[in-house]
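Below is data15.cif, holding mmCIF, C-alpha atoms and all ligand atoms.
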```cif
data_start
#
loop_
_atom_site.label_atom_id
_atom_site.label_comp_id
_atom_site.auth_asym_id
_atom_site.auth_seq_id
_atom_site.Cartn_x
_atom_site.Cartn_y
_atom_site.Cartn_z
CA MET A 206 10.23 -30.21 20.04
CA ILE A 207 7.76 -29.60 17.21
CA LYS A 208 8.31 -28.13 13.77
CA ILE A 209 6.38 -25.04 12.67
CA LYS A 210 6.90 -22.41 9.98
CA VAL A 211 7.40 -18.77 10.89
CA ASN A 212 7.42 -16.28 8.00
CA GLY A 213 8.26 -19.14 5.66
CA GLU A 214 11.22 -20.43 7.72
CA GLU A 215 11.24 -23.70 9.61
CA TRP A 216 11.37 -23.30 13.37
CA GLN A 217 11.71 -25.85 16.18
CA VAL A 218 9.70 -24.91 19.25
CA GLU A 219 8.80 -26.56 22.54
CA PRO A 220 5.40 -28.22 22.67
CA GLU A 221 2.81 -25.88 24.31
CA THR A 222 4.39 -22.78 22.70
CA ASN A 223 1.81 -20.05 22.20
CA ILE A 224 1.88 -16.95 20.01
CA ALA A 225 2.91 -14.69 22.88
CA ASN A 226 5.99 -16.93 23.47
CA LEU A 227 6.84 -16.79 19.78
CA LEU A 228 6.65 -12.99 19.67
CA SER A 229 8.84 -12.60 22.72
CA ARG A 230 11.37 -14.97 21.14
CA LYS A 231 11.41 -12.59 18.15
CA ASN A 232 11.60 -9.64 20.53
CA LEU A 233 8.38 -8.15 19.13
CA SER A 234 5.68 -6.40 21.10
CA PRO A 235 2.20 -7.76 20.25
CA HIS A 236 1.18 -4.14 19.67
CA ILE A 237 3.37 -3.69 16.60
CA CYS A 238 2.36 -6.66 14.50
CA ALA A 239 -0.45 -8.84 13.26
CA VAL A 240 -0.24 -12.62 13.44
CA GLU A 241 -1.77 -15.20 11.13
CA VAL A 242 -1.84 -18.90 11.83
CA ASN A 243 -2.66 -21.07 8.83
CA ARG A 244 -3.94 -17.97 6.95
CA GLN A 245 -6.35 -16.88 9.67
CA ILE A 246 -5.76 -13.60 11.47
CA ILE A 247 -5.55 -14.20 15.20
CA ALA A 248 -7.09 -11.71 17.63
CA LYS A 249 -4.59 -10.35 20.16
CA GLU A 250 -6.73 -11.68 23.03
CA GLN A 251 -5.94 -15.21 21.83
CA TYR A 252 -2.15 -14.88 21.77
CA VAL A 253 -1.78 -16.79 25.05
CA ALA A 254 -4.61 -19.27 24.58
CA LEU A 255 -3.60 -20.35 21.07
CA VAL A 256 -1.07 -23.16 21.39
CA LEU A 257 0.85 -23.95 18.22
CA GLN A 258 0.65 -27.41 16.70
CA ALA A 259 3.23 -29.22 14.57
CA GLY A 260 2.99 -28.04 10.96
CA ASP A 261 1.35 -24.71 11.78
CA GLU A 262 2.26 -21.88 9.44
CA VAL A 263 2.68 -18.60 11.26
CA GLU A 264 3.05 -15.21 9.60
CA ILE A 265 4.11 -12.25 11.69
CA ILE A 266 3.31 -9.02 9.88
CA ARG A 267 4.76 -5.74 11.05
CA PHE A 268 2.79 -2.57 11.40
CA MET A 269 4.25 0.17 9.22
CA ALA A 270 2.93 3.57 8.24
CA GLY A 271 5.78 5.17 6.29
CA GLY A 272 5.13 6.56 2.86
CA MET B 13 -12.97 7.60 -27.63
CA VAL B 14 -10.73 7.36 -30.70
CA LEU B 15 -7.00 7.63 -30.11
CA ASN B 16 -5.29 10.27 -32.24
CA LYS B 17 -1.96 9.86 -34.02
CA GLU B 18 0.04 11.39 -31.20
CA GLN B 19 -1.60 9.15 -28.61
CA LEU B 20 -0.97 6.06 -30.73
CA GLU B 21 2.70 7.06 -30.87
CA ARG B 22 3.04 8.07 -27.21
CA TYR B 23 1.49 4.87 -25.86
CA SER B 24 2.76 2.57 -28.63
CA ARG B 25 4.86 0.35 -26.33
CA GLN B 26 1.81 -0.27 -24.16
CA ILE B 27 -0.69 -0.61 -26.99
CA ILE B 28 1.48 -3.24 -28.67
CA LEU B 29 1.05 -5.50 -25.64
CA PRO B 30 -1.80 -7.89 -26.47
CA GLU B 31 -3.10 -7.54 -22.88
CA VAL B 32 -3.43 -3.76 -23.32
CA GLY B 33 -4.15 -2.82 -26.94
CA VAL B 34 -6.10 0.24 -28.02
CA ALA B 35 -9.04 -0.82 -25.85
CA GLY B 36 -6.83 -1.01 -22.77
CA GLN B 37 -5.26 2.37 -23.48
CA GLU B 38 -8.75 3.84 -23.76
CA LYS B 39 -9.60 2.38 -20.35
CA LEU B 40 -6.49 4.02 -18.88
CA LEU B 41 -7.34 7.40 -20.43
CA ALA B 42 -10.87 7.19 -19.04
CA ALA B 43 -9.74 6.14 -15.54
CA LYS B 44 -9.86 8.40 -12.49
CA VAL B 45 -7.39 7.58 -9.74
CA LEU B 46 -6.90 9.33 -6.41
CA ILE B 47 -3.41 9.35 -4.89
CA VAL B 48 -3.29 10.23 -1.21
CA GLY B 49 0.15 11.39 -0.11
CA LEU B 50 2.84 12.82 -2.39
CA GLY B 51 5.90 11.51 -0.56
CA GLY B 52 8.21 8.61 -1.26
CA LEU B 53 5.40 6.37 -2.52
CA GLY B 54 3.18 9.00 -4.10
CA CYS B 55 5.90 10.48 -6.32
CA PRO B 56 6.70 7.31 -8.32
CA VAL B 57 3.02 6.33 -8.37
CA VAL B 58 1.97 9.66 -9.88
CA LEU B 59 4.81 9.71 -12.41
CA TYR B 60 4.12 6.24 -13.80
CA LEU B 61 0.35 6.59 -13.83
CA ALA B 62 0.63 9.90 -15.66
CA GLY B 63 3.23 8.52 -18.05
CA GLY B 64 1.02 5.53 -18.79
CA GLY B 65 -1.88 7.82 -19.60
CA VAL B 66 -4.25 7.42 -16.67
CA GLY B 67 -6.60 10.23 -17.65
CA THR B 68 -7.47 11.85 -14.34
CA LEU B 69 -5.23 11.93 -11.27
CA GLY B 70 -6.43 13.43 -8.02
CA VAL B 71 -3.46 14.28 -5.78
CA VAL B 72 -3.83 15.00 -2.08
CA ASP B 73 -1.18 16.41 0.25
CA SER B 74 -1.00 19.35 2.62
CA ASP B 75 2.79 19.51 2.88
CA LEU B 76 5.50 21.73 1.47
CA VAL B 77 8.61 20.23 -0.11
CA GLU B 78 11.48 19.84 2.38
CA LEU B 79 15.16 19.25 1.71
CA SER B 80 15.03 15.90 3.56
CA ASN B 81 12.32 14.71 1.11
CA LEU B 82 14.56 14.82 -1.96
CA PRO B 83 16.41 11.49 -1.67
CA ARG B 84 13.18 9.55 -2.28
CA GLN B 85 10.47 11.98 -3.39
CA ILE B 86 11.75 12.05 -6.93
CA ILE B 87 9.40 14.58 -8.49
CA TYR B 88 10.89 17.46 -6.49
CA THR B 89 14.14 19.28 -7.16
CA THR B 90 16.29 21.35 -4.83
CA ASP B 91 14.65 24.51 -6.23
CA ASP B 92 11.24 23.24 -5.11
CA VAL B 93 12.03 23.29 -1.39
CA GLY B 94 9.34 25.35 0.35
CA LYS B 95 6.77 25.00 -2.43
CA ASP B 96 3.42 23.21 -2.16
CA LYS B 97 3.80 19.55 -3.12
CA VAL B 98 0.49 19.50 -4.99
CA ALA B 99 1.54 22.52 -7.06
CA VAL B 100 4.93 21.08 -8.03
CA VAL B 101 3.37 17.71 -8.88
CA SER B 102 0.70 19.34 -11.07
CA ALA B 103 3.31 21.33 -12.97
CA GLN B 104 5.60 18.31 -13.47
CA ILE B 105 2.79 16.04 -14.65
CA ASN B 106 1.66 18.70 -17.04
CA LYS B 107 5.13 18.66 -18.61
CA LEU B 108 5.34 14.86 -18.68
CA ASN B 109 1.92 14.27 -20.16
CA PRO B 110 -0.25 17.32 -20.86
CA GLU B 111 -3.31 15.23 -21.61
CA VAL B 112 -3.53 13.97 -18.03
CA LYS B 113 -5.92 16.01 -15.94
CA VAL B 114 -4.43 16.61 -12.49
CA VAL B 115 -6.77 17.62 -9.68
CA PRO B 116 -4.64 19.08 -6.87
CA ARG B 117 -6.09 19.04 -3.35
CA LYS B 118 -3.96 20.79 -0.75
CA LEU B 119 -5.44 19.30 2.39
CA ARG B 120 -4.96 16.70 5.06
CA LEU B 121 -7.74 14.13 4.85
CA SER B 122 -10.20 14.28 7.72
CA SER B 123 -13.37 12.40 8.54
CA ASP B 124 -15.25 15.48 7.28
CA SER B 125 -13.51 15.69 3.93
CA VAL B 126 -12.71 12.10 2.99
CA LYS B 127 -16.07 11.20 1.47
CA GLU B 128 -16.17 14.24 -0.76
CA VAL B 129 -12.51 13.85 -1.84
CA LEU B 130 -13.04 10.18 -2.82
CA LYS B 131 -16.35 10.71 -4.56
CA SER B 132 -15.36 11.14 -8.20
CA TYR B 133 -12.64 8.45 -8.33
CA ASP B 134 -12.73 4.79 -9.38
CA LEU B 135 -9.63 3.75 -7.50
CA VAL B 136 -7.59 5.00 -4.55
CA VAL B 137 -3.86 4.61 -3.90
CA ASP B 138 -2.80 4.89 -0.27
CA CYS B 139 0.61 6.59 -0.26
CA SER B 140 0.11 8.28 3.10
CA ASP B 141 2.65 8.36 5.91
CA ASN B 142 0.58 8.00 9.05
CA PHE B 143 -1.89 5.61 10.70
CA PRO B 144 -4.88 7.98 11.10
CA THR B 145 -4.94 8.68 7.33
CA ARG B 146 -4.55 5.00 6.49
CA TYR B 147 -7.52 3.98 8.65
CA LEU B 148 -9.61 6.90 7.42
CA LEU B 149 -8.95 5.92 3.79
CA ASN B 150 -9.53 2.21 4.32
CA ASP B 151 -12.82 2.76 6.11
CA ALA B 152 -14.06 5.29 3.54
CA CYS B 153 -13.07 3.02 0.62
CA VAL B 154 -14.84 0.03 2.18
CA GLU B 155 -17.95 2.13 2.74
CA ALA B 156 -17.93 3.62 -0.77
CA LYS B 157 -16.86 0.26 -2.31
CA LYS B 158 -13.78 1.70 -3.98
CA THR B 159 -10.74 -0.45 -4.61
CA LEU B 160 -7.75 0.61 -2.50
CA VAL B 161 -4.11 -0.03 -3.31
CA TYR B 162 -2.25 0.02 0.01
CA GLY B 163 1.51 0.53 0.32
CA ALA B 164 3.72 1.27 3.32
CA LEU B 165 7.40 1.52 4.27
CA PHE B 166 9.57 0.87 7.30
CA GLN B 167 13.35 1.27 7.07
CA PHE B 168 14.28 -1.50 4.58
CA GLU B 169 10.89 -3.18 4.37
CA GLY B 170 7.69 -2.45 2.50
CA GLN B 171 4.18 -3.84 2.07
CA VAL B 172 1.61 -3.76 -0.73
CA MET B 173 -1.95 -5.09 -0.75
CA VAL B 174 -5.09 -4.49 -2.80
CA VAL B 175 -8.38 -4.13 -0.96
CA SER B 176 -11.46 -5.01 -2.95
CA PRO B 177 -14.22 -4.02 -0.51
CA SER B 178 -16.48 -6.83 0.74
CA LYS B 179 -14.64 -9.27 -1.55
CA SER B 180 -11.23 -9.39 0.09
CA ALA B 181 -9.61 -8.47 3.38
CA CYS B 182 -9.37 -4.77 4.16
CA TYR B 183 -6.59 -3.02 6.07
CA ARG B 184 -8.56 -3.35 9.31
CA CYS B 185 -9.08 -7.08 8.78
CA LEU B 186 -5.31 -7.37 9.09
CA PHE B 187 -4.71 -4.58 11.60
CA PRO B 188 -7.99 -3.98 13.47
CA ALA B 189 -6.76 -0.84 15.25
CA ALA B 190 -3.78 1.51 15.14
CA PRO B 191 -0.88 0.65 17.45
CA PRO B 192 -0.55 2.71 20.63
CA PRO B 193 1.09 6.07 19.81
CA GLY B 194 4.89 5.99 19.79
CA LEU B 195 5.34 2.20 19.44
CA VAL B 196 5.76 2.18 15.66
CA PRO B 197 8.22 4.91 14.77
CA SER B 198 7.88 6.93 11.54
CA CYS B 199 10.43 7.25 8.70
CA GLN B 200 11.29 10.65 10.15
CA GLU B 201 12.29 8.98 13.41
CA VAL B 202 14.02 5.79 12.24
CA GLY B 203 14.80 6.42 8.60
CA VAL B 204 14.04 4.73 5.29
CA LEU B 205 16.15 3.78 2.30
CA GLY B 206 15.15 6.14 -0.52
CA ALA B 207 15.15 3.55 -3.29
CA LEU B 208 12.84 1.28 -1.26
CA ALA B 209 10.10 3.87 -1.69
CA GLY B 210 10.54 3.52 -5.45
CA VAL B 211 10.21 -0.28 -5.32
CA ILE B 212 7.03 -0.22 -3.25
CA GLY B 213 5.51 2.77 -5.09
CA LEU B 214 6.05 1.07 -8.43
CA LEU B 215 4.43 -2.12 -7.19
CA GLN B 216 1.43 0.03 -6.27
CA ALA B 217 1.49 1.73 -9.68
CA THR B 218 1.70 -1.65 -11.44
CA GLU B 219 -1.24 -3.02 -9.47
CA THR B 220 -3.25 0.12 -10.22
CA LEU B 221 -2.62 -0.21 -13.97
CA LYS B 222 -3.56 -3.93 -13.87
CA LEU B 223 -6.75 -3.18 -11.99
CA ILE B 224 -7.79 -0.53 -14.52
CA LEU B 225 -6.95 -2.83 -17.42
CA GLY B 226 -8.53 -5.85 -15.74
CA ILE B 227 -5.52 -8.04 -16.49
CA GLY B 228 -3.46 -10.56 -14.54
CA GLU B 229 -3.84 -11.33 -10.88
CA PRO B 230 -3.88 -8.27 -8.69
CA LEU B 231 -2.90 -8.61 -5.02
CA ILE B 232 -6.50 -8.92 -3.89
CA GLY B 233 -6.45 -10.59 -0.48
CA LYS B 234 -2.70 -10.97 -0.72
CA LEU B 235 -0.02 -8.95 1.01
CA ILE B 236 3.44 -8.61 -0.49
CA ILE B 237 6.23 -7.99 1.98
CA PHE B 238 9.48 -6.82 0.40
CA ASN B 239 12.73 -6.89 2.33
CA ALA B 240 15.46 -4.87 0.63
CA LEU B 241 18.31 -6.18 2.82
CA GLU B 242 17.49 -9.81 2.11
CA MET B 243 16.21 -8.84 -1.36
CA ASN B 244 13.19 -11.08 -1.16
CA PHE B 245 9.45 -10.86 -1.57
CA ARG B 246 7.08 -12.79 0.68
CA ARG B 247 3.47 -13.21 -0.34
CA VAL B 248 0.99 -13.73 2.48
CA ASP B 249 -2.66 -14.62 2.03
CA VAL B 250 -4.86 -12.34 4.08
CA SER B 251 -8.37 -13.60 4.56
CA ARG B 252 -11.35 -11.54 5.59
CA ASN B 253 -11.78 -11.18 9.30
CA ILE B 254 -15.35 -11.93 10.44
CA LYS B 255 -14.80 -9.60 13.38
CA CYS B 256 -13.45 -6.72 11.27
CA PRO B 257 -14.90 -3.46 12.62
CA VAL B 258 -15.62 -2.14 9.09
CA CYS B 259 -16.16 -5.11 6.78
CA GLY B 260 -16.95 -7.93 9.23
CA TYR B 261 -19.88 -10.13 8.42
ZN ZN A 301 -12.08 -5.58 7.00
#
```

Would you mind giving the structure from this file in structure tokens?
Ligand SMILES: [Zn+2]
Amino acid sequence: MIKIKVNGEEWQVEPETNIANLLSRKNLSPHICAVEVNRQIIAKEQYVALVLQAGDEVEIIRFMAGG
Amino acid sequence: MVLNKEQLERYSRQIILPEVGVAGQEKLLAAKVLIVGLGGLGCPVVLYLAGGGVGTLGVVDSDLVELSNLPRQIIYTTDDVGKDKVAVVSAQINKLNPEVKVVPRKLRLSSDSVKEVLKSYDLVVDCSDNFPTRYLLNDACVEAKKTLVYGALFQFEGQVMVVSPSKSACYRCLFPAAPPPGLVPSCQEVGVLGALAGVIGLLQATETLKLILGIGEPLIGKLIIFNALEMNFRRVDVSRNIKCPVCGY
């Protein structure tokens, strides 16, 4: 297992976990959020290719339109 | 501009702050701010900007007041149901602070109108309630290089960010395109806690006042995420996206 941070909380994940895996673990569709890894916004096309490394800081930001 | 006796009294609690002073109050009175959307966010934003003496407030909304608006859209009273939001807001602001000039625009922003509506304002506050308006505003503000104060709500959560065009991330840097229709439900569909709108709207109002005054550290390139159930704020750095369709470089 490796340690990463998701929305400020420490998470343990399997090595080779990608962003798509992480979102499905959170039960979130990739269409309803933006994802940053180490302060860089990640394009949706990279959600499978980008494998998380120990120490990565992930932010999952929900889409919302209410006002 | 020289402040008269009544103004010195009215704004005394602000003027006494060393960061504001008479010079800061004069900046506020000279400022022109556009508020798009007069719902849960727009109501507190307009009230506090008018109270604080922001001289010109453009207010945009095409809706009529509905009974279901009242728990969070705090300018309106039960008697106002059925009236134009822009008309009620103008009348209320006039009572609160007659020296504020309110410019009511009863319309829904469109790609045809947005440029003209934005033109005479220094700063724009996004208090809208739908994705098309948010993208329209962001893109027009980036193009016209106008600072945008974004705020949004979802059930018990809210977000605030300041966009300083070509200097910090814009809304599209973070969310390049709107989600497919139907995937992100609206407040009408899934609800929102009324008081949450006040929290987020007042963060927007505070940022707007700071930007006009040029004080402190506005949320430029930083997104605040407030969760009312956990009662915490998370601050996320949002960097510019090279591939952003409107401000990419
Ligand atoms: Zn951008």

**Prompt:** When the cut-off is 6 Å and you count only C-alpha atoms and all ligand atoms, which residues lie near ligand ZN 301 (chain A), shown as a VMD selection string?
**Reply:** chain B and resid 181 to 182 184 to 185 256 258 to 260

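Rounded to one decimal, CA of Leu214 in chain B and CA of Val66 in chain B lie 14.6 Å from each other.
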
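CA of Gln37 in chain B lies 9.9 Å from CA of Gly67 in chain B.
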
**Item:** Residue neighbourhood Glu221 in chain A, 12 Å, all atoms listed in the file, exclusion window fewer than 6 positions, as a ChimeraX atom specification
**Value:** /A:206-207,227,253-259

Output for the residues just chosen: C-alpha atoms as a compact mmCIF listing (two decimals), keeping the file's coordinate frame:
```
# COMPACT_ATOMS: atom_id res chain seq x y z
CA MET A 206 10.23 -30.21 20.04
CA ILE A 207 7.76 -29.60 17.21
CA LEU A 227 6.84 -16.79 19.78
CA VAL A 253 -1.78 -16.79 25.05
CA ALA A 254 -4.61 -19.27 24.58
CA LEU A 255 -3.60 -20.35 21.07
CA VAL A 256 -1.07 -23.16 21.39
CA LEU A 257 0.85 -23.95 18.22
CA GLN A 258 0.65 -27.41 16.70
CA ALA A 259 3.23 -29.22 14.57
```

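In this structure, CA of Leu195 in chain B sits 18.7 Å away from CA of Tyr183 in chain B.
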
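When all atoms listed in the file are used to compute distances to Glu242 in chain B, the closest of the residues B:Tyr133, B:Tyr147, B:Phe168, B:Tyr60 turns out to be B:Phe168.
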
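Proximity to Glu262 in chain A was assessed for B:Leu235, B:Cys153, B:Val248, B:Val174 counting all atoms listed in the file; the smallest distance is recorded for B:Val248.
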
For the interface of chain A with chain B (cut-off 7 Å, counting all atoms listed in the file), please tabulate each contacting residue of chain A alongside its nearest pair of atoms and their separation in Å to one decimal, rows sorted by chain and increasing number, as a Markdown table.
```
| residue | atom | partner | partner_atom | distance |
| --- | --- | --- | --- | --- |
| A:His236 | CA | B:Pro191 | CA | 5.7 |
| A:Ile237 | CA | B:Pro191 | CA | 6.1 |
| A:Ala239 | CA | B:Phe187 | CA | 6.2 |
| A:Arg244 | CA | B:Asp249 | CA | 6.1 |
| A:Gln245 | CA | B:Ser251 | CA | 6.4 |
| A:Ile246 | CA | B:Leu186 | CA | 6.7 |
| A:Met269 | CA | B:Phe166 | CA | 5.7 |
| A:Ala270 | CA | B:Asn142 | CA | 5.1 |
| A:Gly271 | CA | B:Leu165 | CA | 4.5 |
| A:Gly272 | CA | B:Asp141 | CA | 4.3 |
```

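Comparing the minimum interatomic distances between Lys158 in chain B and each of B:Ala99, B:Leu215, B:Leu135, B:Val71, counting all atoms listed in the file, we find that B:Leu135 sits nearest.
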
**Request:** Pick out the residues sitting within 9 Å of Pro83 in chain B, and hand them over as JSON, numbers by chain; count only C-alpha atoms, and ignore anything fewer than 4 positions along from it in its own chain.
**Result:** {"B": [52, 79, 205, 206, 207]}

**Message:** At a cut-off of 10 Å, using all atoms listed in the file, what residues contact Lys127 in chain B? Leave out same-chain residues fewer than 6 positions from it and give the result as a PyMOL selection string.
**Reply:** chain B and resi 121+148-149+152-153+155-156

Final N, CA, C and O atoms of range 175-186 of chain B as a PDB file, in the coordinates of the input:
```pdb
ATOM      1  N   VAL B 175      -7.129  -3.890  -1.679  1.00  0.00           N
ATOM      2  CA  VAL B 175      -8.380  -4.130  -0.960  1.00  0.00           C
ATOM      3  C   VAL B 175      -9.539  -3.983  -1.926  1.00  0.00           C
ATOM      4  O   VAL B 175      -9.744  -2.917  -2.512  1.00  0.00           O
ATOM      5  N   SER B 176     -10.263  -5.064  -2.120  1.00  0.00           N
ATOM      6  CA  SER B 176     -11.460  -5.010  -2.950  1.00  0.00           C
ATOM      7  C   SER B 176     -12.646  -5.151  -1.986  1.00  0.00           C
ATOM      8  O   SER B 176     -12.951  -6.248  -1.521  1.00  0.00           O
ATOM      9  N   PRO B 177     -13.277  -4.022  -1.628  1.00  0.00           N
ATOM     10  CA  PRO B 177     -14.220  -4.020  -0.510  1.00  0.00           C
ATOM     11  C   PRO B 177     -15.293  -5.107  -0.588  1.00  0.00           C
ATOM     12  O   PRO B 177     -15.881  -5.335  -1.635  1.00  0.00           O
ATOM     13  N   SER B 178     -15.485  -5.758   0.543  1.00  0.00           N
ATOM     14  CA  SER B 178     -16.480  -6.830   0.740  1.00  0.00           C
ATOM     15  C   SER B 178     -16.166  -8.078  -0.080  1.00  0.00           C
ATOM     16  O   SER B 178     -16.932  -9.041  -0.055  1.00  0.00           O
ATOM     17  N   LYS B 179     -15.052  -8.059  -0.828  1.00  0.00           N
ATOM     18  CA  LYS B 179     -14.640  -9.270  -1.550  1.00  0.00           C
ATOM     19  C   LYS B 179     -13.365  -9.823  -0.940  1.00  0.00           C
ATOM     20  O   LYS B 179     -13.157 -11.022  -0.920  1.00  0.00           O
ATOM     21  N   SER B 180     -12.496  -8.926  -0.485  1.00  0.00           N
ATOM     22  CA  SER B 180     -11.230  -9.390   0.090  1.00  0.00           C
ATOM     23  C   SER B 180     -10.987  -8.627   1.391  1.00  0.00           C
ATOM     24  O   SER B 180     -11.687  -7.677   1.714  1.00  0.00           O
ATOM     25  N   ALA B 181      -9.960  -9.088   2.102  1.00  0.00           N
ATOM     26  CA  ALA B 181      -9.610  -8.470   3.380  1.00  0.00           C
ATOM     27  C   ALA B 181      -9.320  -6.978   3.199  1.00  0.00           C
ATOM     28  O   ALA B 181      -8.746  -6.562   2.194  1.00  0.00           O
ATOM     29  N   CYS B 182      -9.729  -6.195   4.172  1.00  0.00           N
ATOM     30  CA  CYS B 182      -9.370  -4.770   4.160  1.00  0.00           C
ATOM     31  C   CYS B 182      -8.199  -4.566   5.121  1.00  0.00           C
ATOM     32  O   CYS B 182      -7.732  -5.504   5.769  1.00  0.00           O
ATOM     33  N   TYR B 183      -7.729  -3.345   5.200  1.00  0.00           N
ATOM     34  CA  TYR B 183      -6.590  -3.020   6.070  1.00  0.00           C
ATOM     35  C   TYR B 183      -6.912  -3.342   7.529  1.00  0.00           C
ATOM     36  O   TYR B 183      -6.078  -3.849   8.272  1.00  0.00           O
ATOM     37  N   ARG B 184      -8.170  -3.078   7.921  1.00  0.00           N
ATOM     38  CA  ARG B 184      -8.560  -3.350   9.310  1.00  0.00           C
ATOM     39  C   ARG B 184      -8.749  -4.834   9.596  1.00  0.00           C
ATOM     40  O   ARG B 184      -8.700  -5.246  10.758  1.00  0.00           O
ATOM     41  N   CYS B 185      -9.016  -5.632   8.556  1.00  0.00           N
ATOM     42  CA  CYS B 185      -9.080  -7.080   8.780  1.00  0.00           C
ATOM     43  C   CYS B 185      -7.737  -7.557   9.302  1.00  0.00           C
ATOM     44  O   CYS B 185      -7.652  -8.399  10.180  1.00  0.00           O
ATOM     45  N   LEU B 186      -6.671  -6.992   8.730  1.00  0.00           N
ATOM     46  CA  LEU B 186      -5.310  -7.370   9.090  1.00  0.00           C
ATOM     47  C   LEU B 186      -4.873  -6.679  10.380  1.00  0.00           C
ATOM     48  O   LEU B 186      -4.349  -7.308  11.293  1.00  0.00           O
TER      49      LEU B 186
END
```
